[in-house]
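**Q** This structure is in C-alpha cells; I'll ask about it shortly.
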Amino acid sequence: MTAPASPDLPAAGLPDRRPATLDDLAIELPSWAFGNSGTRFRVWPSPGTPRTVQEKLADAAQVHRYTGLAPTVALHIPWDAVEDYAGLRRHADDLGVGLGTVNSNTFQAETFKFGSLASRDAAVRRVAVDHHLECLAIMAETGSRDLKIWLADGTNYPGQDDIRARQDALAESLAELYAQVGDDQRLVLEYKFFEPAFYHTDVPDWGTAYAQVTALGERAVVCLDTGHHAPGTNIEFIVAQLLRLGRLGSFDFNSRFYADDDLIVGAADPFQLFRILVEVVRGGGLGPGSDVALMLDQCHNVEDKVPGQIRSVLNVQEMTARALLLDREALAAAQAANDVLGAHGVFMDAFYTDVRPALAAWREERGLPADPMAAFLASGYLARIAEDRVGGTQAGWGA
Ligand code: LRH
Ligand code: MN
Ligand code: MN
C-alpha cells in the first residue's frame with residue numbers, strides 16, 4: 001500500500017481496515033427506473049408499471065428479495081412527492097427496503113428556463129434554494145442522508161450569459177443551502193458535460209463540482225454519473241482522484257454508447273465497470289468506513305423494468321467480485337519492477353475470471369436463489385402487476 005500523498009489527504013488504500021468483501025456491497029435503486037420512460041421521440045408504456053411511489057417501492061423490494069443486493073431506494077422530488085413521508089418510510093420498511101438519497105429537480109419547472117441555482121436572477125435562485133430546503137425537510141422524515149443535486153443549468157449560445165458570474169451565483173446558492181445541511185447529512189453535487197444545455201453547462205465536470213463542494217465544507221461531496229462524460233474519458237482516473245481527495249460521495253451507475261443513454265450498467269462496457277470498481281476497492285470506497293453510495297441511475301425504455309434492475313445489480317456484483325479477486329500483491333510487485341506486461345496480465349486475469357459459479361454458491365449460502373433472474377421470472381410477479389395495476393395513471397420519467 002502506498003503512503004498518503006500529503007498529510008492532509010486521506011490515506012489511500014486504508015491499510016489498517018478489514019479488506020472489503022462481497023458482503024459489503026449494497027446498491028441503491030432509483031425509484032424512477034420503475035416508471036415508464038423513453039426518448040424525446042416516444043415513451044413506451046409497459047403493463048404493470050407503478051402508478052404511485054408505493055408501487056415503485058414494491059417493485060424495488062422485489063429486486064432486493066431475489067438478489068439481496070439492493071436494500072435502499074432513492075427518491076426524486078417532486079416525482080415521488082407524498083403527503084406523509086414518515087408513512088412512506090414505514091411502508092418501505094414493511095416491504096423490507098429503506099429510503100435513500102433524495103434527488104432534487106430543477107430541470108422541469110418553467111421558472112428555471114434560464115437556470116436555477118446558477119441563475120443570475122435572485123428571485124429565481126430563491127425559488128431554487130427553497131425547493132432544496134424542502135428536500136432537506138423531507139430527508140429529516142425519510143431518514144435520508146444525502147441530498148443529491150443535478151442541475152440542468154447552462155446556455156446554448158456563446159455570449160448568452162456571463163459564465164463566470166453564474167459560477168459565483170451557484171456558489172452563493174450552494175452556500176445558503178449547505179448552511180442548512182444537518183450534521184448527519186450530505187450535499188452531493190452531480191456533474192454532466194452537456195445536455196440539456198449544449199454550449200456551456202454550469203457544472204460540466206468533476207473539477208467544477210470539486211471546486212464548488214470544497215468551498216462549502218466536509219459534508220459536501222461529488223456524485224459521479226458514469227454516463228456523464230465525453231467518449232473516451234478515463235472514468236476510473238476520476239474515481240481514483242476523487243477518492244484520494246476524500247470527495248467521492250456517490251455513483252450513478254449506468255451504461256452509455258453515445259451520450260447520457262442510461263442503459264443497464266455493465267451492458268455497454270463491462271471492462272470499464274471492472275476498472276472503475278478496481279479503483280473503488282483500491283481507494284477504500286467499499287467496505288467498513290466507506291461512505292461512498294453506489295446507486296443506479298437508469299431507465300428501461302424497451303425492456304421490463306424489474307428484471308432490468310435485477311440484471312443491473314447482478315452486473316455490479318459480478319464486476320465487484322472480479323475486482324476483489326485482483327491479486328494486489330502480484331500487481332504491486334510487477335509494477336515496482338516496471339514489468340509492464342506482467343502487471344497488465346495480473347490485471348486482466350482478474351477481469352477474465354468467470355465468477356458466476358462462485359456467485360451462485362455465495363447466494364445459496366445466504367438463502368437466496370442461485371439464479372435470481374430465473375427465480376424472479378418464475379414467480380409470476382410481472383403477470384400479477386399487469387393484472388392488478390389497471391386504471392390510474394402510470395408513473396413515468398417526470399411523473
Ligand atoms: C441527469 C440525471 C440526474 C437526474 C436523473 C434523473 O441526466 O442523471 O441524476 O437526477 O438523471
Ligand atoms: Mn445521474
Ligand atoms: Mn444522467
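Labeling convention for the C-alpha cells: chains A, B, ... as they appear, residues from 1 per chain, ligands from 1 in order of appearance.
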If you count only C-alpha atoms and all ligand atoms, which residues end up within 7 Å of ligand 3, as a JSON list (two decimals) with C-alpha atoms, in the first residue's frame?
**A**
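Done, and the output landed in selection-v9.json:
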```json
[["chain", "number", "residue", "atom", "x", "y", "z"],
["A", 225, "ASP", "CA", -22.68, 9.51, -13.04],
["A", 227, "GLY", "CA", -22.97, 8.32, -18.35],
["A", 228, "HIS", "CA", -22.00, 11.96, -17.94],
["A", 260, "ASP", "CA", -26.47, 10.07, -21.49],
["A", 262, "ASP", "CA", -28.99, 5.47, -19.14],
["A", 297, "ASP", "CA", -29.42, 5.89, -12.42]]
```
**Q** Write out as a PyMOL selection string all residues of region 110-308 of chain A that backbone DSSP assigns to strand (DSSP E).
**A** chain A and resi 146-150+154-155+186-190+200-201+220-225+248-253+293-296
**Q** For the contact check between chain A and ligand 1, emit one row per residue of chain A within 8 Å, containing the shortest atom pair and the distance in Å rounded to one decimal, counting only C-alpha atoms and all ligand atoms, chain then rising number order, as a tab-separated table.
**A**
```
residue	atom	partner	partner_atom_place_in_ligand_line	distance
A:Trp32	CA	ligand 1	6 (C)	7.3
A:His76	CA	ligand 1	10 (O)	7.1
A:Asn103	CA	ligand 1	10 (O)	5.9
A:Ser104	CA	ligand 1	10 (O)	7.0
A:Asn105	CA	ligand 1	10 (O)	6.8
A:Lys148	CA	ligand 1	10 (O)	7.7
A:Ile149	CA	ligand 1	10 (O)	7.2
A:Trp150	CA	ligand 1	3 (C)	5.3
A:Leu151	CA	ligand 1	1 (C)	7.8
A:Ala152	CA	ligand 1	1 (C)	7.7
A:Glu190	CA	ligand 1	9 (O)	6.9
A:Lys192	CA	ligand 1	7 (O)	7.1
A:Glu195	CA	ligand 1	7 (O)	7.7
A:Asp225	CA	ligand 1	8 (O)	6.4
A:Gly227	CA	ligand 1	8 (O)	7.6
A:His228	CA	ligand 1	8 (O)	7.4
A:Asp252	CA	ligand 1	9 (O)	6.8
A:Asp260	CA	ligand 1	7 (O)	6.5
A:Asp262	CA	ligand 1	8 (O)	7.9
A:Asp297	CA	ligand 1	8 (O)	6.3
A:Gln298	CA	ligand 1	11 (O)	7.9
A:Trp397	CA	ligand 1	6 (C)	7.7
```
**Q** Convert the current residue selection to file output with C-alpha atoms, as an mmCIF file, in the first residue's frame.
**A**
```cif
data_model
loop_
_atom_site.group_PDB
_atom_site.id
_atom_site.type_symbol
_atom_site.label_atom_id
_atom_site.label_comp_id
_atom_site.auth_asym_id
_atom_site.auth_seq_id
_atom_site.Cartn_x
_atom_site.Cartn_y
_atom_site.Cartn_z
ATOM 1 C CA TRP A 32 -37.663 6.381 -11.497
ATOM 2 C CA HIS A 76 -36.838 12.101 -6.803
ATOM 3 C CA ASN A 103 -32.818 13.924 -5.570
ATOM 4 C CA SER A 104 -33.978 17.462 -6.203
ATOM 5 C CA ASN A 105 -35.455 18.522 -9.529
ATOM 6 C CA LYS A 148 -28.286 14.940 -4.495
ATOM 7 C CA ILE A 149 -28.305 17.904 -6.839
ATOM 8 C CA TRP A 150 -28.054 17.695 -10.583
ATOM 9 C CA LEU A 151 -28.525 20.979 -12.413
ATOM 10 C CA ALA A 152 -29.688 21.402 -15.993
ATOM 11 C CA GLU A 190 -23.557 15.749 -9.691
ATOM 12 C CA LYS A 192 -22.713 16.331 -16.518
ATOM 13 C CA GLU A 195 -27.496 18.312 -22.156
ATOM 14 C CA ASP A 225 -22.677 9.511 -13.038
ATOM 15 C CA GLY A 227 -22.974 8.324 -18.350
ATOM 16 C CA HIS A 228 -21.996 11.963 -17.942
ATOM 17 C CA ASP A 252 -24.927 6.999 -10.532
ATOM 18 C CA ASP A 260 -26.474 10.069 -21.487
ATOM 19 C CA ASP A 262 -28.989 5.472 -19.136
ATOM 20 C CA ASP A 297 -29.425 5.886 -12.416
ATOM 21 C CA GLN A 298 -31.068 4.084 -15.288
ATOM 22 C CA TRP A 397 -39.976 9.750 -16.070
#
```
**Q** Taking the DSSP assignment computed from this structure's backbone, write out as a PyMOL selection string all residues of region 36-229 of chain A that belong to alpha helix (DSSP H).
**A** chain A and resi 53-67+85-95+122-142+163-178+206-214
**Q** With region 18-30 of chain A as the partner and 9 Å as the cut-off, tabulate the residues of region 217-292 of chain A that qualify, each row holding the nearest pair of atoms and their distance in Å to one decimal, using only C-alpha atoms, sorted by chain and rising number, as JSON lines.
**A**
```
{"residue": "A:Val281", "atom": "CA", "partner": "A:Ala20", "partner_atom": "CA", "distance": 7.1}
{"residue": "A:Gly284", "atom": "CA", "partner": "A:Ala20", "partner_atom": "CA", "distance": 8.0}
{"residue": "A:Gly285", "atom": "CA", "partner": "A:Ala20", "partner_atom": "CA", "distance": 8.9}
{"residue": "A:Leu286", "atom": "CA", "partner": "A:Ala20", "partner_atom": "CA", "distance": 5.9}
{"residue": "A:Gly287", "atom": "CA", "partner": "A:Ala20", "partner_atom": "CA", "distance": 4.5}
{"residue": "A:Pro288", "atom": "CA", "partner": "A:Arg18", "partner_atom": "CA", "distance": 7.0}
```
**Q** Give me the residues within 9 Å of region 269-274 of chain A as a VMD selection string, counting only C-alpha atoms and dropping any in the same chain fewer than 5 places off.
**A** chain A and resid 234 to 236 253 255 to 257 279 315 to 316 318 to 320 322 to 323 351
**Q** Would you mind exporting C-alpha atoms of the selected residues as an mmCIF file, in the first residue's frame?
**A**
```cif
data_model
loop_
_atom_site.group_PDB
_atom_site.id
_atom_site.type_symbol
_atom_site.label_atom_id
_atom_site.label_comp_id
_atom_site.auth_asym_id
_atom_site.auth_seq_id
_atom_site.Cartn_x
_atom_site.Cartn_y
_atom_site.Cartn_z
ATOM 1 C CA ASN A 234 -10.847 7.683 -18.334
ATOM 2 C CA ILE A 235 -13.535 7.489 -15.649
ATOM 3 C CA GLU A 236 -11.533 5.265 -13.298
ATOM 4 C CA PHE A 253 -24.202 3.801 -12.456
ATOM 5 C CA SER A 255 -24.081 2.483 -19.463
ATOM 6 C CA ARG A 256 -23.642 4.735 -22.422
ATOM 7 C CA PHE A 257 -22.778 4.204 -26.049
ATOM 8 C CA GLU A 279 -10.318 1.832 -8.141
ATOM 9 C CA ASN A 315 -23.680 -6.868 -13.239
ATOM 10 C CA VAL A 316 -22.299 -4.634 -10.479
ATOM 11 C CA GLU A 318 -20.130 -9.645 -10.863
ATOM 12 C CA MET A 319 -17.597 -6.924 -11.615
ATOM 13 C CA THR A 320 -17.104 -6.229 -7.908
ATOM 14 C CA ARG A 322 -13.751 -9.774 -10.154
ATOM 15 C CA ALA A 323 -12.259 -6.561 -8.755
ATOM 16 C CA PHE A 351 -11.150 -9.420 -15.284
#
```
**Q** Rank nothing, just name the residue among A:Ile77, A:Pro158, A:Leu314, A:Val355 nearest to His131 (chain A), using only C-alpha atoms.
**A**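 Of the candidates, the smallest distance to His131 (chain A) is held by A:Ile77.
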**Q** Which residue is closest to ligand 2? Choose from A:Tyr258, A:Tyr191, A:Trp362, A:Trp44 and count only C-alpha atoms and all ligand atoms.
**A** A:Tyr191
**Q** Which one of A:Asp205, A:Glu55, A:Asp349, A:Asp291 sits closest to Asp327 (chain A) if you count only C-alpha atoms?
**A**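 Of the candidates, the smallest distance to Asp327 (chain A) is held by A:Asp349.
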**Q** When you count only C-alpha atoms and all ligand atoms, which of these residues is closest to ligand 2: A:His229, A:Arg42, A:Arg384, A:Arg145?
**A** A:His229
**Q** Expressed in Å to a single decimal, how great is the separation between CA of Asp183 (chain A) and CA of Leu242 (chain A)?
**A**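 Value for the CA of Asp183 (chain A)-CA of Leu242 (chain A) distance: 21.7 Å.
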**Q** Set the distance at 8 Å and use only C-alpha atoms: which residues neighbour Val102 (chain A) once local chain neighbours fewer than 4 positions away are removed? I'd like the list as a JSON list (two decimals) with C-alpha atoms, in the first residue's frame.
**A**
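Saved file selection.json follows:
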```json
[["chain", "number", "residue", "atom", "x", "y", "z"],
["A", 74, "ALA", "CA", -33.56, 6.77, -3.99],
["A", 75, "LEU", "CA", -36.42, 9.25, -4.32],
["A", 76, "HIS", "CA", -36.84, 12.10, -6.80],
["A", 77, "ILE", "CA", -38.80, 15.14, -5.66],
["A", 135, "CYS", "CA", -35.94, 18.40, 0.11],
["A", 139, "MET", "CA", -34.95, 13.98, 4.33],
["A", 144, "SER", "CA", -32.13, 10.05, 4.27],
["A", 146, "ASP", "CA", -27.89, 12.55, 1.05],
["A", 147, "LEU", "CA", -29.37, 15.44, -0.89],
["A", 148, "LYS", "CA", -28.29, 14.94, -4.50]]
```
**Q** Tell me, as an mmCIF file with C-alpha atoms, in the first residue's frame, which residues lie within 12 Å of Gly154 (chain A), counting only C-alpha atoms; anything in the same chain fewer than 2 positions away does not count.
**A**
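Below you can see around_10.cif, which holds the result:
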```
data_model
loop_
_atom_site.group_PDB
_atom_site.id
_atom_site.type_symbol
_atom_site.label_atom_id
_atom_site.label_comp_id
_atom_site.auth_asym_id
_atom_site.auth_seq_id
_atom_site.Cartn_x
_atom_site.Cartn_y
_atom_site.Cartn_z
ATOM 1 C CA PHE A 107 -34.997 20.761 -14.640
ATOM 2 C CA PHE A 112 -35.962 27.535 -14.354
ATOM 3 C CA LYS A 113 -35.940 28.027 -18.125
ATOM 4 C CA PHE A 114 -32.695 30.038 -17.908
ATOM 5 C CA GLY A 115 -31.205 28.351 -14.865
ATOM 6 C CA SER A 116 -31.910 27.538 -11.234
ATOM 7 C CA LEU A 117 -29.187 27.605 -8.552
ATOM 8 C CA ALA A 118 -26.811 29.210 -11.084
ATOM 9 C CA SER A 119 -29.317 31.766 -12.338
ATOM 10 C CA ARG A 120 -28.268 35.391 -12.067
ATOM 11 C CA TRP A 150 -28.054 17.695 -10.583
ATOM 12 C CA LEU A 151 -28.525 20.979 -12.413
ATOM 13 C CA ALA A 152 -29.688 21.402 -15.993
ATOM 14 C CA ASN A 156 -26.958 27.274 -25.697
ATOM 15 C CA TYR A 157 -25.104 30.131 -27.345
ATOM 16 C CA PRO A 158 -21.768 31.869 -26.795
ATOM 17 C CA GLY A 159 -22.433 35.218 -25.168
ATOM 18 C CA GLN A 160 -25.912 34.184 -23.967
ATOM 19 C CA ASP A 161 -24.908 34.782 -20.336
ATOM 20 C CA ASP A 162 -21.873 35.552 -18.211
ATOM 21 C CA ILE A 163 -20.473 32.113 -17.490
ATOM 22 C CA ARG A 164 -18.179 33.327 -14.714
ATOM 23 C CA ARG A 166 -23.033 32.159 -12.995
ATOM 24 C CA GLN A 167 -20.301 30.259 -11.084
ATOM 25 C CA LEU A 170 -24.062 28.970 -7.957
ATOM 26 C CA TYR A 191 -21.854 16.920 -12.876
ATOM 27 C CA LYS A 192 -22.713 16.331 -16.518
ATOM 28 C CA PHE A 193 -20.780 17.607 -19.507
ATOM 29 C CA PHE A 194 -23.733 18.659 -21.672
ATOM 30 C CA GLU A 195 -27.496 18.312 -22.156
ATOM 31 C CA PRO A 196 -29.966 19.890 -21.920
ATOM 32 C CA ALA A 197 -27.644 22.873 -22.375
ATOM 33 C CA PHE A 198 -25.490 22.459 -25.461
ATOM 34 C CA TYR A 199 -22.944 25.284 -25.369
ATOM 35 C CA HIS A 200 -21.918 25.602 -21.742
ATOM 36 C CA THR A 201 -23.043 23.763 -18.620
ATOM 37 C CA ASP A 202 -22.620 25.274 -15.159
ATOM 38 C CA VAL A 203 -21.424 22.019 -13.535
ATOM 39 C CA PRO A 204 -19.899 20.204 -16.506
#
```
**Q** I need the residue nearest ligand 2 from this list: A:Thr72, A:Gln335, A:Thr101, A:Asn254. Use only C-alpha atoms and all ligand atoms for the distance.
**A**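 The answer is A:Asn254, which sits nearest to ligand 2.
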**Q** Give me, please, the distance in Å between CA of Gly48 (chain A) and CA of Tyr85 (chain A), quoted to one decimal.
**A**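 Going from CA of Gly48 (chain A) over to CA of Tyr85 (chain A), I get 24.2 Å.
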**Q** Would you mind listing what lies within 12 Å of Asn36 (chain A) as JSON, numbers by chain, with only C-alpha atoms counted and same-chain residues fewer than 3 positions away left out?
**A** {"A": [31, 32, 33, 39, 42, 43, 44, 45, 46, 47, 48, 49, 50, 51, 56, 298, 299, 300, 301, 302, 303, 304, 305, 306, 393, 394, 395, 396, 397, 398, 399]}
**Q** Figure out the distance between CA of Ala70 (chain A) and CA of Arg311 (chain A), please, to one decimal in Å.
**A**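 Spanning CA of Arg311 (chain A) to CA of Ala70 (chain A) is a straight-line distance of 11.9 Å.
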